[in-house]
Structure formats: structure tokens, C-alpha cells
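Enquirer: After the C-alpha cells below, expect a handful of questions from me.
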Amino acid sequence: MVWFLAGALAGALCAAAGVVAGRDPVVSPAAQPEVTETTSPAAADGDSAGNVLGNTEIVPTALTQEFGEIRLEYELIGLGGSTPSAVPTTWTMRTTTGETLETNVSSDESRVAIFRPETEMTVDDIESITVTGYAVRSPQHYQITLSLDGDPVTLVDGTTVAVRRVLEQRSLTYVQLAVEHGEEAPLGSNLLLAVPVLIPLDEGFEEAALATTAAGFASPQFRFRGERLPDDLAIEVESAVWDQGPADLRIDLTGTR
Amino acid sequence: MSDRDPTLRDILSSSPLESRQPSAPSAPMLPALVAGLLVGGLLVVGGYVVADGGGASATSTTTSAPGTATPTTVPAAGVAGFPPGYAAVDELVAIRPERVARQGDELLVTFTVATRRDFDPATTGGFQGADLELVLDPPIQATRLVFDPFVGGVFTAVFPYAGEVTDATEIRITARWERSIAFPEQLVQPASFPLDLEVGEVLELDEANGLAVDHVTLGEDGGELAWSISGEAEGAIVTATVAITEGFNDVSEIFMSDRESHPGFSTFIPTSPEHAQSGTVVLTPPSAVPEEVFEVFVFWNVAWVNTSPADATVRLGDAAAG
């Protein structure tokens, strides 16, 4: 498939070159690409692309240089009053000398992108700052089946859950879980449900027997008081994870320096 | 590159959850490369001919800001009044798909919601849900919507992952919802325990809708409350709690709560069985057996939906694999 795509791209380039070389030099208006200004602020009614990610407008408030760091401070505003549910996560800064610096934020509550250049520079040396990745808060509610055999199940956010062991006591059985987070750590947040919560659905589990998969909760477990533990546990998963994906949004820095 | 809209299969193939093996050049490479060359060339020539002859405008463009060497690709402006890629649910609210993921036999599509700046949340309800379908033949309807209890402006539509679902390139909005909620209280008479009573009382929800309480049973093993919706609502989710007070001077209360009352944050589409015209609330056993019953209260929690037709389509091409 990769080679097919590479071939397709090469073929497209060759064909495009041929088309351009052989076509009428007068281009009809209809064939001209629609040019969208990428650096204009969002229009009052949101008609422009502006500094918009998903339903969230990034409003840069200050671009400063302090202690060798370049800091871009910004606000996030939900369009038309809706709650911002998209946040920038990775940024790239390009300098007038062609140097490229990257940085990322670790929390959905962050409102500053900090670049640490290796050489002395000022904000006047900045050519552009671009958001290259953003996260969307993604509410999820679905069911999985956990086998007592310990077979792992991968959740939407990449977290893997499995039954680690079953501890039987006189009147209570503990079902302990093993949780491994995916390669991409979840954004730090003080909002609830930023990591999946697991709720057993079978009868016999205590009503409040839900388990968070958050890092720091070393041994999530369910408490079972029924007569016989099922071999396969029906588990409800609730979460509102910050789901990360690519972006390509050049920020309008007008008025920030 | 092909100029066709990406399908769900294209989007999901980039999911980090998909196991991908490192590829190396192999014998089939050459035929694929040659085929790609031919297809790519044909598509560009074909696309040029179509665009030049038909006058179609580009849906996205590459532009370079003055003084930069870094091209930036942005989608062209979408529906007037909303950011690019958004499809209007009504005059004030629009939605756009952001992330697509597969979980077991379900497909999860997360949308963001944008509202116009003249939207007034004090007088309008904003986005309260919609009937959504993957544009296929036949279309595949969403089975439920999942809302975030802590952050507005985002929801996830859940579709069955079956059939030709990965061929879809668009989602159509076929109806918009107007959700309402009410918490009527009911004093059941005559009060007794156990209780087996034909009630036939209609509790007012609003001017157009009511909750008919048909039958109430209470006992040591639990209870049941049979209800039905009267009015224009197309469906409702109903939960309830019963409080029993003992004796005239004794204010102790013995609660019986809905056995299935864990709310979660899924909202089932109005026509699904979970969002029904009638149903039965099944109660857990009381915390203690009342000795002398003075009053029986039912605290209802009713969420109902009215729908109205809509017709808008949103492309999946702007979404990324979650």
C-alpha cells in the first residue's frame, strides 16, 4: 500500500507537471483555488478559519522572552459561548533564521506554550508559531467483557485492562485488575472522568464497586458479594478522555509582541 | 493523491490502536509502484478536467503567508456563521466530527459543537441531540449519543461496527432533538405497605406532555412503578425513588430506589427501547420494612424528547483516528 501511494503521488506530480505545462495560460476564475487567509482572527460570527481548533478559538495574549524562554500565553474560548472542548497540545516555532523548535503542554488546563531555544533570541526573531497537535475531550460510554482468565482488553484511549487475580474471603470476593496505560499518557486534569471508570454490571457486585484506571490507583478492584462469580464480567466503561490528534494551525501573533 | 473523500476505513487505518508491522521493500513493491503511478496520474488529469470544465471550487487550499516558507493547509470556510467543517443542525448550532475510534463491535465518532455568537443560552437550549446516520445504502443509524457531564460542546455518536460501515465518508443529520427534563413528585394514596394499586394519575411535565402513572406495587422484595408518556413526546427515560414515612410523628424514611438508576451519560435515541413511550421502574427492596406507614412519596426523574426534521451532511474527512 505504501508503495502504491508513493507511486500514486509520483504519478500525480508528473501528471500535474504535464497538465500545467500544456494548459492554456489563461486560468478561468472557477479553476483558481479558493484562498483562505490563515492568519486572520476569527470573525465575529465564526466565518473565518481564524485561530480555531475544533470549536475552540485560541486567543494569544502575550508573546514574551524571559530567562531564555519564549512564552506564548493564550486564552481558549468556546465559539459562541460553548465550553472549549479542544485544547492545543503540541506546538512548533520557526525562527527567522530557519531554526525550528517544538514544545508540548502536559495539561488541558495549560494556557502557555514555552519554547527553550539553545541560542539567545528575542520575540522579534520569531517567524511563526504553529499548533501541530490538539486534543478533543471525547465522552465515551460502552461495555466490555473481562475474562477471569486474565485476557487483556484494550480501551479506546489505549489503556489495557485485565483481571489480575481473584481473592476469595469469607463473605466477600475481591476482583483485582491490572491496568496499563497506553504509550500516550493522558493529559493531566482535575476534571473527573479524564481516565476511564469501570463499573461491573453483573448482579452481586457492590453498588459502589467502580474502579478508576487513573495512574496512582495502583490496584483497582471490584467487591463481589454474590453467590458465584461469572467467568466473564460485563463491565461498563465511562470516560471523557482527551483524545489527541494532528493539527496544522498557524497562530496569528498580531498585537502580542 | 486521490481527490475522493476519505472513508472511515482510511481514517481508522491510522489509529494508534491498530497494530502495524514495520514494512520493508518486497517483491510486490514494483507492481504496486507502477499501478500507483498510473492511478495517481489519471486522477490528477481527471481531477483537472473536472475542475476546469465544471467550475467546481476547491474545498481546501494551501496558502503561504507573506514572509514564510511553511505552507499551511486549512479547509475552506464551511456553512456561513460557523467555522470550517461544521454542519448546521439549526440556525444557531453546528457540529463537526473530530475523532473516530473502534471499540469492539461499535464505532465511536466524537463531535464538537459550535454555536453562533448571537446564540443566547438563556433563551435557547443549544445542541440537545440529533438523529445521525452514516451515509450508506442502506444508511446505518446511530444507536446512542454520549454526552460529557462536565464539559459541554462535545458528544460522541455510537454506531454499530458492522457491514460496510468503513465505506462511509459522510454522516447525515436527519432530525434534531429537543430534550426536556422534569422532576414531578407524587403522593400515593391510600398509603400502605405492601401496596398494589391501580393509580391512573397523570403528572404534568409541561403544557404538552404528561407522565401517566398506571400501577404501583411495593413490597419487601422491591417494587414496580408502571408509567407511560401522554402527549407529543417521542420517548422518555424515566427513573424514580420512593420514600415511605413511618407514623405521624416519626419522620424516618425508608427509601426504595430505581434498580437501574445508574445514569451514566449515554442518551439513547428517542426511538430505541431504552427511550420508550412506556415502561416500568423496578425498585430495590426497602432499607427496612416499615411498621406503620404514614405517607408514600414517589420522586420522579423524567427526561423526554421531541424531534423535528433536519437535513444536513457533514464530512468525516476532517476527523482523525482516536
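Letters A, B, ... mark the chains of the C-alpha cells in the order given; residue numbers begin at 1 per chain; ligand numbers begin at 1, in order shown.
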Considering only C-alpha atoms, return as a list in words whatever protein or nucleic-acid residues lie within 7 Å of stretch 189-193 of chain B, sequence-local ones (same chain, fewer than 6 positions apart) excluded.

Expert: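 Once the nearby chain positions are removed, what remains is Leu218, Gly219, Val293, Phe294, Glu295 and Val296 of chain B.
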
Enquirer: Atoms to include: N, CA and C atoms. Write the selected residues as a tab-separated table (two decimals), in the first residue's frame.

Expert:
```tsv
chain	number	residue	atom	x	y	z
B	218	LEU	N	-45.47	-2.14	45.87
B	218	LEU	CA	-44.37	-2.03	46.83
B	218	LEU	C	-44.42	-3.24	47.74
B	219	GLY	N	-43.26	-3.81	48.02
B	219	GLY	CA	-43.21	-4.96	48.92
B	219	GLY	C	-41.82	-5.14	49.50
B	293	VAL	N	-47.14	2.80	58.14
B	293	VAL	CA	-46.92	3.70	57.00
B	293	VAL	C	-47.82	4.92	57.13
B	294	PHE	N	-47.20	6.10	56.99
B	294	PHE	CA	-47.98	7.32	57.04
B	294	PHE	C	-48.15	7.90	55.64
B	295	GLU	N	-47.04	8.03	54.91
B	295	GLU	CA	-47.12	8.58	53.56
B	295	GLU	C	-46.18	7.82	52.63
B	296	VAL	N	-46.57	7.76	51.36
B	296	VAL	CA	-45.71	7.19	50.32
B	296	VAL	C	-45.51	8.26	49.24
```

Enquirer: Can you tell me, as a list of chain:residue names, what residues are no more than 8 Å from A:Thr103 when counting only C-alpha atoms, ignoring any on the same chain fewer than 5 positions away?

Expert: A:Thr90, A:Trp91, A:Thr92, A:Ala113, A:Ile114, A:Phe115

Enquirer: Choose the residue, out of A:Asp149, A:Glu99, A:Asp248, A:Asp243, that has the smallest atom-to-atom separation from A:Glu118; count only C-alpha atoms.

Expert: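 Answer, going by the shortest atom-to-atom distance: A:Glu99.
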
Enquirer: Quick one: of A:Ser107, A:Thr122, A:Thr130, A:Ser85, who's nearest to A:Ala247, counting only C-alpha atoms?

Expert: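 Under the stated criterion, the closest residue is A:Thr130.
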
Enquirer: May I ask which of the residues B:Asp221, B:Asp206, B:Asp120, B:Glu91 is the closest one to chain A, counting only C-alpha atoms?

Expert: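 Residue with the minimum atom-to-atom distance to chain A: B:Asp120.
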
Enquirer: Rounded to one decimal, what separation in Å do you get between atom CA of B:Phe82 and atom CA of A:Gly54?

Expert: 10.9 Å

Enquirer: For A:Thr56, find every residue with an atom within 9 Å (counting only C-alpha atoms), except residues of its own chain fewer than 6 positions away, and show them as a ChimeraX atom specification.

Expert: /A:76-79,82-87 /B:114

Enquirer: Would you work out the distance separating atom CA of B:Leu132 from atom CA of B:Val154, expressed in Å to one decimal?

Expert: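 A separation of 14.9 Å between them.
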
Enquirer: Between atom CA of A:Asp157 and atom CA of A:Ala240, what distance in Å does the model show, to one decimal?

Expert: 9.7 Å

Enquirer: From a backbone DSSP assignment, name each residue in stretch 63-176 of chain A labelled helix (DSSP H, G or I), as a PyMOL selection string.

Expert: chain A and resi 79-81+123-125

Enquirer: Generate the output file for the selected residues, N, CA and C atoms, as a PDB file, in the first residue's frame.

Expert:
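File again-v6.pdb, as written:
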```pdb
ATOM      1  N   LEU A  79     -16.505  28.712  20.959  1.00  0.00           N
ATOM      2  CA  LEU A  79     -17.173  29.568  19.980  1.00  0.00           C
ATOM      3  C   LEU A  79     -18.640  29.768  20.338  1.00  0.00           C
ATOM      4  N   GLY A  80     -19.030  31.000  20.385  1.00  0.00           N
ATOM      5  CA  GLY A  80     -20.428  31.317  20.644  1.00  0.00           C
ATOM      6  C   GLY A  80     -20.883  30.939  22.034  1.00  0.00           C
ATOM      7  N   GLY A  81     -19.948  30.806  22.967  1.00  0.00           N
ATOM      8  CA  GLY A  81     -20.344  30.542  24.345  1.00  0.00           C
ATOM      9  C   GLY A  81     -20.303  29.091  24.744  1.00  0.00           C
ATOM     10  N   VAL A 123      11.729  37.926  20.804  1.00  0.00           N
ATOM     11  CA  VAL A 123      10.454  37.630  20.137  1.00  0.00           C
ATOM     12  C   VAL A 123      10.423  38.152  18.703  1.00  0.00           C
ATOM     13  N   ASP A 124      11.321  39.113  18.406  1.00  0.00           N
ATOM     14  CA  ASP A 124      11.379  39.618  17.033  1.00  0.00           C
ATOM     15  C   ASP A 124      12.002  38.613  16.079  1.00  0.00           C
ATOM     16  N   ASP A 125      12.664  37.612  16.638  1.00  0.00           N
ATOM     17  CA  ASP A 125      13.288  36.587  15.797  1.00  0.00           C
ATOM     18  C   ASP A 125      12.299  35.477  15.426  1.00  0.00           C
TER      19      ASP A 125
END
```

Enquirer: Would you list, as an NGL selection string, the residues of stretch 74-240 of chain B that end up in strand (DSSP E or B) under DSSP run on this structure's backbone?

Expert: :B and (74-75 or 87-88 or 93-103 or 106-115 or 130-134 or 140-141 or 144-147 or 154-160 or 170-182 or 185-188 or 195-204 or 209-219 or 222-231 or 235-240)

Enquirer: Go ahead and dump the residues you just picked, C-alpha atoms, as an mmCIF file, in the first residue's frame.

Expert:
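The new file result14.cif reads:
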```cif
data_model
loop_
_atom_site.group_PDB
_atom_site.id
_atom_site.type_symbol
_atom_site.label_atom_id
_atom_site.label_comp_id
_atom_site.auth_asym_id
_atom_site.auth_seq_id
_atom_site.Cartn_x
_atom_site.Cartn_y
_atom_site.Cartn_z
ATOM 1 C CA VAL B 74 -6.692 24.767 6.031
ATOM 2 C CA PRO B 75 -10.158 23.770 4.973
ATOM 3 C CA ALA B 87 -22.751 21.199 9.546
ATOM 4 C CA ALA B 88 -25.647 23.252 10.858
ATOM 5 C CA VAL B 93 -25.889 25.252 16.336
ATOM 6 C CA ALA B 94 -23.497 23.197 14.196
ATOM 7 C CA ILE B 95 -21.466 20.030 14.699
ATOM 8 C CA ARG B 96 -18.221 18.626 13.294
ATOM 9 C CA PRO B 97 -16.639 15.159 13.636
ATOM 10 C CA GLU B 98 -13.247 15.264 15.339
ATOM 11 C CA ARG B 99 -12.230 11.721 16.266
ATOM 12 C CA VAL B 100 -13.156 8.250 15.108
ATOM 13 C CA ALA B 101 -12.379 5.090 17.063
ATOM 14 C CA ARG B 102 -13.493 1.488 17.155
ATOM 15 C CA GLN B 103 -14.316 -0.278 20.404
ATOM 16 C CA GLU B 106 -19.098 -0.302 17.995
ATOM 17 C CA LEU B 107 -17.828 2.743 16.150
ATOM 18 C CA LEU B 108 -17.387 5.925 18.202
ATOM 19 C CA VAL B 109 -17.438 9.293 16.436
ATOM 20 C CA THR B 110 -16.740 12.280 18.665
ATOM 21 C CA PHE B 111 -18.168 15.636 17.564
ATOM 22 C CA THR B 112 -17.548 19.168 18.738
ATOM 23 C CA VAL B 113 -20.406 21.632 18.845
ATOM 24 C CA ALA B 114 -20.143 25.263 17.779
ATOM 25 C CA THR B 115 -22.756 27.906 18.302
ATOM 26 C CA ALA B 130 -29.830 14.623 16.837
ATOM 27 C CA ASP B 131 -30.655 11.577 14.814
ATOM 28 C CA LEU B 132 -27.484 10.750 12.898
ATOM 29 C CA GLU B 133 -26.797 8.197 10.205
ATOM 30 C CA LEU B 134 -23.788 7.055 8.234
ATOM 31 C CA ILE B 140 -26.631 2.978 9.398
ATOM 32 C CA GLN B 141 -28.251 4.861 12.267
ATOM 33 C CA ARG B 144 -26.980 6.391 21.078
ATOM 34 C CA LEU B 145 -25.266 9.664 21.869
ATOM 35 C CA VAL B 146 -22.838 10.081 24.738
ATOM 36 C CA PHE B 147 -22.593 13.474 26.423
ATOM 37 C CA VAL B 154 -18.752 17.819 22.707
ATOM 38 C CA PHE B 155 -20.511 14.477 22.320
ATOM 39 C CA THR B 156 -19.879 11.032 20.877
ATOM 40 C CA ALA B 157 -22.207 9.240 18.469
ATOM 41 C CA VAL B 158 -22.125 5.445 18.652
ATOM 42 C CA PHE B 159 -22.774 3.344 15.551
ATOM 43 C CA PRO B 160 -22.748 -0.425 15.122
ATOM 44 C CA GLU B 170 -20.315 11.303 5.478
ATOM 45 C CA ILE B 171 -22.787 11.499 8.335
ATOM 46 C CA ARG B 172 -26.263 12.908 7.792
ATOM 47 C CA ILE B 173 -28.327 14.734 10.397
ATOM 48 C CA THR B 174 -31.920 13.635 9.848
ATOM 49 C CA ALA B 175 -33.617 15.095 12.925
ATOM 50 C CA ARG B 176 -32.781 17.356 15.812
ATOM 51 C CA TRP B 177 -33.867 16.766 19.351
ATOM 52 C CA GLU B 178 -35.393 18.999 21.922
ATOM 53 C CA ARG B 179 -34.801 17.424 25.282
ATOM 54 C CA SER B 180 -36.669 18.394 28.416
ATOM 55 C CA ILE B 181 -36.454 17.231 31.977
ATOM 56 C CA ALA B 182 -38.831 17.407 34.929
ATOM 57 C CA GLU B 185 -43.409 14.445 42.938
ATOM 58 C CA GLN B 186 -46.337 12.212 43.674
ATOM 59 C CA LEU B 187 -48.157 11.409 46.901
ATOM 60 C CA VAL B 188 -49.588 7.914 46.569
ATOM 61 C CA LEU B 195 -49.049 -1.836 48.236
ATOM 62 C CA ASP B 196 -50.654 -2.974 44.978
ATOM 63 C CA LEU B 197 -52.528 -0.067 43.454
ATOM 64 C CA GLU B 198 -54.025 0.924 40.118
ATOM 65 C CA VAL B 199 -53.221 4.631 40.138
ATOM 66 C CA GLY B 200 -54.278 6.171 36.832
ATOM 67 C CA GLU B 201 -52.875 9.567 37.725
ATOM 68 C CA VAL B 202 -51.268 11.863 35.162
ATOM 69 C CA LEU B 203 -48.461 14.112 36.382
ATOM 70 C CA GLU B 204 -47.920 17.269 34.359
ATOM 71 C CA ASN B 209 -46.758 16.316 27.968
ATOM 72 C CA GLY B 210 -47.645 14.280 31.000
ATOM 73 C CA LEU B 211 -46.433 11.205 32.823
ATOM 74 C CA ALA B 212 -49.230 8.726 33.423
ATOM 75 C CA VAL B 213 -48.593 6.574 36.473
ATOM 76 C CA ASP B 214 -50.534 3.426 35.804
ATOM 77 C CA HIS B 215 -49.670 0.934 38.535
ATOM 78 C CA VAL B 216 -47.641 0.899 41.756
ATOM 79 C CA THR B 217 -46.536 -2.156 43.711
ATOM 80 C CA LEU B 218 -44.369 -2.035 46.828
ATOM 81 C CA GLY B 219 -43.207 -4.961 48.918
ATOM 82 C CA GLY B 222 -38.879 -4.475 45.954
ATOM 83 C CA GLY B 223 -41.470 -2.795 43.816
ATOM 84 C CA GLU B 224 -42.530 -1.640 40.385
ATOM 85 C CA LEU B 225 -43.837 1.638 39.006
ATOM 86 C CA ALA B 226 -45.588 1.364 35.627
ATOM 87 C CA TRP B 227 -45.609 4.591 33.623
ATOM 88 C CA SER B 228 -46.447 5.890 30.170
ATOM 89 C CA ILE B 229 -45.973 9.173 28.367
ATOM 90 C CA SER B 230 -49.045 11.130 27.355
ATOM 91 C CA GLY B 231 -48.593 13.949 24.877
ATOM 92 C CA GLY B 235 -39.886 8.839 24.091
ATOM 93 C CA ALA B 236 -38.598 9.260 27.613
ATOM 94 C CA ILE B 237 -36.120 7.879 30.093
ATOM 95 C CA VAL B 238 -37.743 7.589 33.495
ATOM 96 C CA THR B 239 -36.222 6.821 36.880
ATOM 97 C CA ALA B 240 -37.729 7.185 40.331
#
```

Enquirer: Counting only C-alpha atoms, figure out which residue out of A:Gln169, A:Thr159, A:Ser110, A:Gln140 gets nearest to A:Tyr74.

Expert: A:Ser110

Enquirer: Restricting the calculation to only C-alpha atoms: of A:Val59, A:Thr132, A:Glu127, A:Met93, which residue gets closest to A:Pro246?

Expert: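 Smallest distance to A:Pro246 is found for A:Thr132.
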
Enquirer: Name the closest residue to A:Leu53 among the candidates A:Pro88, A:Glu66, A:Leu198, A:Arg164; distances are taken between atoms, counting only C-alpha atoms.

Expert: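 Of all the options, A:Pro88 lies closest to A:Leu53.
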
Enquirer: A:Thr160: which residues within 6 Å, counting only C-alpha atoms, same-chain residues fewer than 2 positions away excluded, as a PyMOL selection string?

Expert: chain A and resi 153-154+179-180

Enquirer: Output C-alpha atoms for every residue in that selection, as a CSV table (one decimal), in the first residue's frame.

Expert:
```csv
chain,number,residue,atom,x,y,z
A,153,VAL,CA,-8.9,-5.8,26.8
A,154,THR,CA,-7.7,-2.5,25.2
A,179,VAL,CA,-4.2,-1.6,34.3
A,180,GLU,CA,-1.6,-0.4,31.8
```
